[in-house]
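Trainee: Quick one: the structure is below, and I'll ask about it shortly.
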Amino acid sequence: MLLGYNKLSYVDLHSGKVEVKDVDEKLAYGFIGGRGWAAYILFKELDNIVDGFHPSNVLVVATGPLTAVQFQSGGKTTFAAISPQTGIYGDSNVGGFFGYKMRKAGIDALMIKGASPHPVYLLVADGKVEIHDAEKLWGLNSQETDAKLLNEYGDCSVASIGMAGEKLVKFACINVDWSRKGMRHAQAGRTGIGAVMGSKKLKAIVAMGDKDVKVADEERLKEAAKKLQKMVRESPNYEAWRRYGTLATIEWSNKAECLPTYNFQKTVFEYADNIGGSAMEKVKVFTRACSNCIIPCEHVVRFKLNGEGEVGIEYETAAMLGSNLGLKSIEEVAKANYLCDYYGLDTISTGSVLAFVIECYQRGLITEKELGLTPKWGDVNTICEMIRMIAKREGFGDLMAEGVKTLAERIGKGSDAFAMHVKGLEISAYDHRAATAMALSYATCDIGAHHNRSWAITYDLEVGRNSYTEDKVRKVIYLQHIRPLFDMLGVCRFYWVELGIDPNVYAEAYSAVTGKEFTFDDLLFRSEKVWNLTRAIAVIRKGISIKDDLLPERDFSDPVPEGRTKGAKLDKDKFIEMLKTYYAVRGWDELGRPTYEKLVKLDLEEVARKLYGAS
Ligand code: SF4
């Protein structure tokens, strides 16, 4: 067994066969872990996979080599598959305790294929994986599922789906650790991986274990961890990050005039102060952290609104369910957030779908009769009812459950102009009409529009919001390599993003864990390799090219209506030129395909052969 790594488990839910194997050197050192492993495993299975919901799809659950070792923030796990939303590679990364417990159980990754004829859950413990009947769990929400499994197994971590995943809502999420007291309750939200679990009749995965992962050089790892800890404590942003987490970004975005408001019609929300970091502090109950983390950044608030509950709110959720829907208080946002978690829905996509439907109604493109209710900006009761309809696929909810791309195709009448998605994935919470680097980030993101691959908006503010320079292109590419790298290592990216930690410490830690020498540039090379691999998968599966790397028409034709950026919109010709520069800098052809030579340079000759045939 390689030092720093455990075993992989292959599970076939149709036949019930489970195998456990060693990690080979190519996968370990070539793709590191997490999303790197998921991309390569899905590439190898590509010819067999029919679509997102077909039993042939492979659900990959992968930790990283820094997960669950003595190194702070190492508690992240990637859930990946061919996405039912986009048809291309999809993944979502989550904290909590799940990855930590899975590594401690001696398993680094699960490859789950086939579909069970009846509901099941997986138990990962003592280096083994077992398939158990879950008939009694089917139909429960994650809170109930978690509680029952915790009751049965004690000190474990649970990843589970709610009703939305069971009903194959295209943007269903996976809930992690809902019932572990005081521990961060988190979601793998994006790209519909919860629906992939549902399609396999896989209700939950339980991980339990307490064995240490054997690392090559414990002393060296301890030194790296000490260095990291010192940098964290000395960071000027440490206290603010602990105090507000991501939620202070609401105030920041509003001030910067990029807060999506009323389906990205506006960029400023008059009630932003009621849903941001300061509002949160007034109703905060406690904070909680992921495993191995010294910066508890999830702030749990209590709401009382037709019932009561507690939920941890993040920026993306507060923006997409708050300003983007016109909800005016932190309690209203908390209630909508709670319902999404309860049913197991991605809050970003849900906020986008609801905003799109409300705007369609506002413009007279759909009627009350079709909807079965009267949607209104800021009407929390109707919004909660629509969330319920989506999760249960009830009435118009059945169409809403398909996401904005399909909604726009069915509603027609020009509604696609304001269907805020790229490649089928709803755009997350930054208006980018006056932020060209952020616009490029969304357009070129490998899973469809998602902010976390390249959060370039701060760079737009730094160098000028409306320029289309090569410098911005290079910045986006750099971010697209460094940020997803943390998902490969299995650590939290916030330490680098928010506290400015010197990233060389991660190479130090990875070298200590594996006993092999890696510089940070070596790691970045692997992240670039994975970026090219996921792009190649998109080209092979869906013929993705420059035509798909464009943004909704609203971005090019609807100017920002007010504020300092009033009148701003993207220039389509300049944006297409920017895309071409992006391809050229990446070493891709002018349609946006990685060239044969580029793939070979990245040690991806087998991918080049698959894309272009033997040459
Ligand atoms: S900083 Fe926040 S998201 Fe990151 S590991 Fe810590 S608690 Fe989890």
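Ordered as shown in the structure tokens, chains take letters A, B, and onward, while each chain numbers its residues from 1 and ligands are numbered from 1 in the order shown.
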List all protein, DNA and RNA residues that have an atom no more than 9 Å from any atom of ligand 1, counting only C-alpha atoms and all ligand atoms, and report them as a VMD selection string.
Mentor: chain A and resid 72 to 76 94 to 96 184 186 241 to 242 245 to 246 287 to 298 491 to 495 498
Trainee: Find the residues near A:Thr249: any atom within 9 Å, counting only C-alpha atoms, skip ones fewer than 5 places away on the same chain, and give them as a PyMOL selection string.
Mentor: chain A and resi 244+254+276-277+315-316
Trainee: Kindly indicate which residue among A:Gly403, A:Ser142, A:Glu314, A:Phe518 lies nearest to A:Leu339, using only C-alpha atoms for the distances.
Mentor: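 Checking each of A:Gly403, A:Ser142, A:Glu314, A:Phe518 against A:Leu339, counting only C-alpha atoms, the winner is A:Ser142.
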Trainee: To one decimal place in Å, what is the distance between atom CA of A:Phe71 and atom CA of A:Leu221?
Mentor: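 Straight-line distance from atom CA of A:Phe71 to atom CA of A:Leu221 works out to 7.2 Å.
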Trainee: With distances taken over only C-alpha atoms, which of A:Lys542, A:Lys148, A:Arg526, A:Lys101 is nearest to A:Ala125?
Mentor: A:Lys101
Trainee: Quick one, how far is atom CA of A:Thr261 from atom CA of A:Ala355?
Mentor: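 So the two atoms, atom CA of A:Thr261 and atom CA of A:Ala355, lie 9.1 Å apart.
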Trainee: For A:Ala81, list every protein, DNA or RNA residue within 7 Å, evaluated using only C-alpha atoms, and leave out those in the same chain fewer than 6 positions away; present the list as a short mmCIF file (atom, residue, chain, number, x, y, z; two decimals) with N, CA and C atoms, in the first residue's frame.
Mentor:
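Once everything was written out, this is around_10.cif:
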data_model
loop_
_atom_site.label_atom_id
_atom_site.label_comp_id
_atom_site.auth_asym_id
_atom_site.auth_seq_id
_atom_site.Cartn_x
_atom_site.Cartn_y
_atom_site.Cartn_z
N ASN A 57 -23.99 5.09 -15.06
CA ASN A 57 -23.24 6.22 -14.51
C ASN A 57 -22.46 5.77 -13.27
N VAL A 58 -21.33 6.37 -13.04
CA VAL A 58 -20.49 5.99 -11.89
C VAL A 58 -20.46 7.16 -10.90
N LEU A 59 -20.90 6.89 -9.70
CA LEU A 59 -20.81 7.89 -8.63
C LEU A 59 -19.47 7.68 -7.94
N VAL A 60 -18.64 8.71 -7.99
CA VAL A 60 -17.32 8.61 -7.34
C VAL A 60 -17.35 9.46 -6.08
N TYR A 89 -18.92 16.15 -17.12
CA TYR A 89 -18.39 15.89 -15.78
C TYR A 89 -18.99 16.86 -14.76
N GLY A 90 -19.45 16.33 -13.64
CA GLY A 90 -19.98 17.19 -12.59
C GLY A 90 -19.42 16.77 -11.25
N ASP A 91 -19.19 17.72 -10.38
CA ASP A 91 -18.79 17.34 -9.02
C ASP A 91 -19.22 18.40 -8.02
N ILE A 193 -25.64 15.73 -8.05
CA ILE A 193 -25.09 14.42 -7.68
C ILE A 193 -26.04 13.69 -6.71
#
Trainee: As a list in words, please: every residue in stretch 292-332 of chain A that a backbone DSSP assignment puts in alpha helix (DSSP H).
Mentor: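 Secondary structure check on stretch 292-332 of chain A, alpha helix (DSSP H): Tyr315, Glu316, Thr317, Ile330, Glu331 and Glu332 of chain A.
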Trainee: Using 9 Å as the limit and counting only C-alpha atoms, can you tabulate each residue of stretch 192-287 of chain A that touches stretch 505-515 of chain A, with its shortest atom-to-atom distance in Å and the two atoms involved, as JSON lines?
Mentor:
{"residue": "A:Lys214", "atom": "CA", "partner": "A:Val513", "partner_atom": "CA", "distance": 8.1}
{"residue": "A:Val215", "atom": "CA", "partner": "A:Val513", "partner_atom": "CA", "distance": 4.6}
{"residue": "A:Ala216", "atom": "CA", "partner": "A:Gly515", "partner_atom": "CA", "distance": 4.9}
{"residue": "A:Asp217", "atom": "CA", "partner": "A:Ala512", "partner_atom": "CA", "distance": 5.1}
{"residue": "A:Glu218", "atom": "CA", "partner": "A:Ala512", "partner_atom": "CA", "distance": 7.0}
{"residue": "A:Glu219", "atom": "CA", "partner": "A:Ala512", "partner_atom": "CA", "distance": 8.2}
{"residue": "A:Arg220", "atom": "CA", "partner": "A:Ala512", "partner_atom": "CA", "distance": 5.6}
{"residue": "A:Leu221", "atom": "CA", "partner": "A:Ala512", "partner_atom": "CA", "distance": 5.3}
{"residue": "A:Lys222", "atom": "CA", "partner": "A:Ala509", "partner_atom": "CA", "distance": 8.6}
{"residue": "A:Glu223", "atom": "CA", "partner": "A:Ala509", "partner_atom": "CA", "distance": 8.7}
{"residue": "A:Ala224", "atom": "CA", "partner": "A:Ala509", "partner_atom": "CA", "distance": 5.8}
{"residue": "A:Ala225", "atom": "CA", "partner": "A:Ala509", "partner_atom": "CA", "distance": 7.6}
{"residue": "A:Lys227", "atom": "CA", "partner": "A:Val505", "partner_atom": "CA", "distance": 7.5}
{"residue": "A:Leu228", "atom": "CA", "partner": "A:Val505", "partner_atom": "CA", "distance": 6.8}
Trainee: Can you write just those residues out, N, CA and C atoms, as an mmCIF file, in the first residue's frame?
Mentor:
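Dumped to result-v9.cif:
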data_model
loop_
_atom_site.group_PDB
_atom_site.id
_atom_site.type_symbol
_atom_site.label_atom_id
_atom_site.label_comp_id
_atom_site.auth_asym_id
_atom_site.auth_seq_id
_atom_site.Cartn_x
_atom_site.Cartn_y
_atom_site.Cartn_z
ATOM 1 N N LYS A 214 -1.583 5.919 7.571
ATOM 2 C CA LYS A 214 -0.136 5.834 7.720
ATOM 3 C C LYS A 214 0.555 6.811 6.758
ATOM 4 N N VAL A 215 1.288 7.752 7.329
ATOM 5 C CA VAL A 215 1.977 8.734 6.485
ATOM 6 C C VAL A 215 3.478 8.476 6.518
ATOM 7 N N ALA A 216 4.194 9.002 5.504
ATOM 8 C CA ALA A 216 5.617 8.686 5.363
ATOM 9 C C ALA A 216 6.471 9.358 6.441
ATOM 10 N N ASP A 217 6.194 10.619 6.744
ATOM 11 C CA ASP A 217 7.075 11.352 7.651
ATOM 12 C C ASP A 217 6.239 12.214 8.607
ATOM 13 N N GLU A 218 5.931 11.638 9.754
ATOM 14 C CA GLU A 218 5.040 12.331 10.706
ATOM 15 C C GLU A 218 5.630 13.636 11.214
ATOM 16 N N GLU A 219 6.938 13.634 11.467
ATOM 17 C CA GLU A 219 7.577 14.849 12.005
ATOM 18 C C GLU A 219 7.481 16.002 11.009
ATOM 19 N N ARG A 220 7.750 15.677 9.757
ATOM 20 C CA ARG A 220 7.704 16.713 8.706
ATOM 21 C C ARG A 220 6.267 17.240 8.556
ATOM 22 N N LEU A 221 5.298 16.341 8.652
ATOM 23 C CA LEU A 221 3.894 16.768 8.543
ATOM 24 C C LEU A 221 3.535 17.676 9.717
ATOM 25 N N LYS A 222 4.017 17.312 10.900
ATOM 26 C CA LYS A 222 3.758 18.131 12.089
ATOM 27 C C LYS A 222 4.319 19.535 11.903
ATOM 28 N N GLU A 223 5.519 19.602 11.340
ATOM 29 C CA GLU A 223 6.151 20.911 11.098
ATOM 30 C C GLU A 223 5.320 21.744 10.119
ATOM 31 N N ALA A 224 4.840 21.085 9.054
ATOM 32 C CA ALA A 224 4.015 21.800 8.058
ATOM 33 C C ALA A 224 2.727 22.292 8.723
ATOM 34 N N ALA A 225 2.134 21.464 9.556
ATOM 35 C CA ALA A 225 0.889 21.837 10.238
ATOM 36 C C ALA A 225 1.132 23.018 11.175
ATOM 37 N N LYS A 227 3.418 25.303 10.813
ATOM 38 C CA LYS A 227 3.602 26.477 9.945
ATOM 39 C C LYS A 227 2.234 27.023 9.520
ATOM 40 N N LEU A 228 1.348 26.114 9.127
ATOM 41 C CA LEU A 228 0.015 26.523 8.672
ATOM 42 C C LEU A 228 -0.734 27.214 9.801
#
Trainee: Which is closest to A:Asp431 among A:Leu591, A:Val285, A:Val560, A:Leu602, if we use only C-alpha atoms?
Mentor: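 Among A:Leu591, A:Val285, A:Val560, A:Leu602, it is A:Val560 that comes nearest to A:Asp431.
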Trainee: Can you pull out every residue within 12 Å of A:Asn306, counting only C-alpha atoms, but drop anything in the same chain fewer than 6 positions away, and send it as JSON, numbers by chain?
Mentor: {"A": [331, 332, 335, 336, 339, 380, 381, 384]}
Trainee: Considering only C-alpha atoms, can you say which of A:Glu270, A:Asp487, A:Asp398, A:Glu370 comes closest to A:Trp37?
Mentor: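 Ranked by minimum distance to A:Trp37, first place goes to A:Asp487.
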Trainee: Please identify which residues in stretch 7-234 of chain A DSSP calls strand (DSSP E or B) from the backbone, and express them as a ChimeraX atom specification.
Mentor: /A:7-12,18-22,59-63,77-82,89-94,107-113,120-125,128-133,157-160,172,174-176,183,186-188,202-208
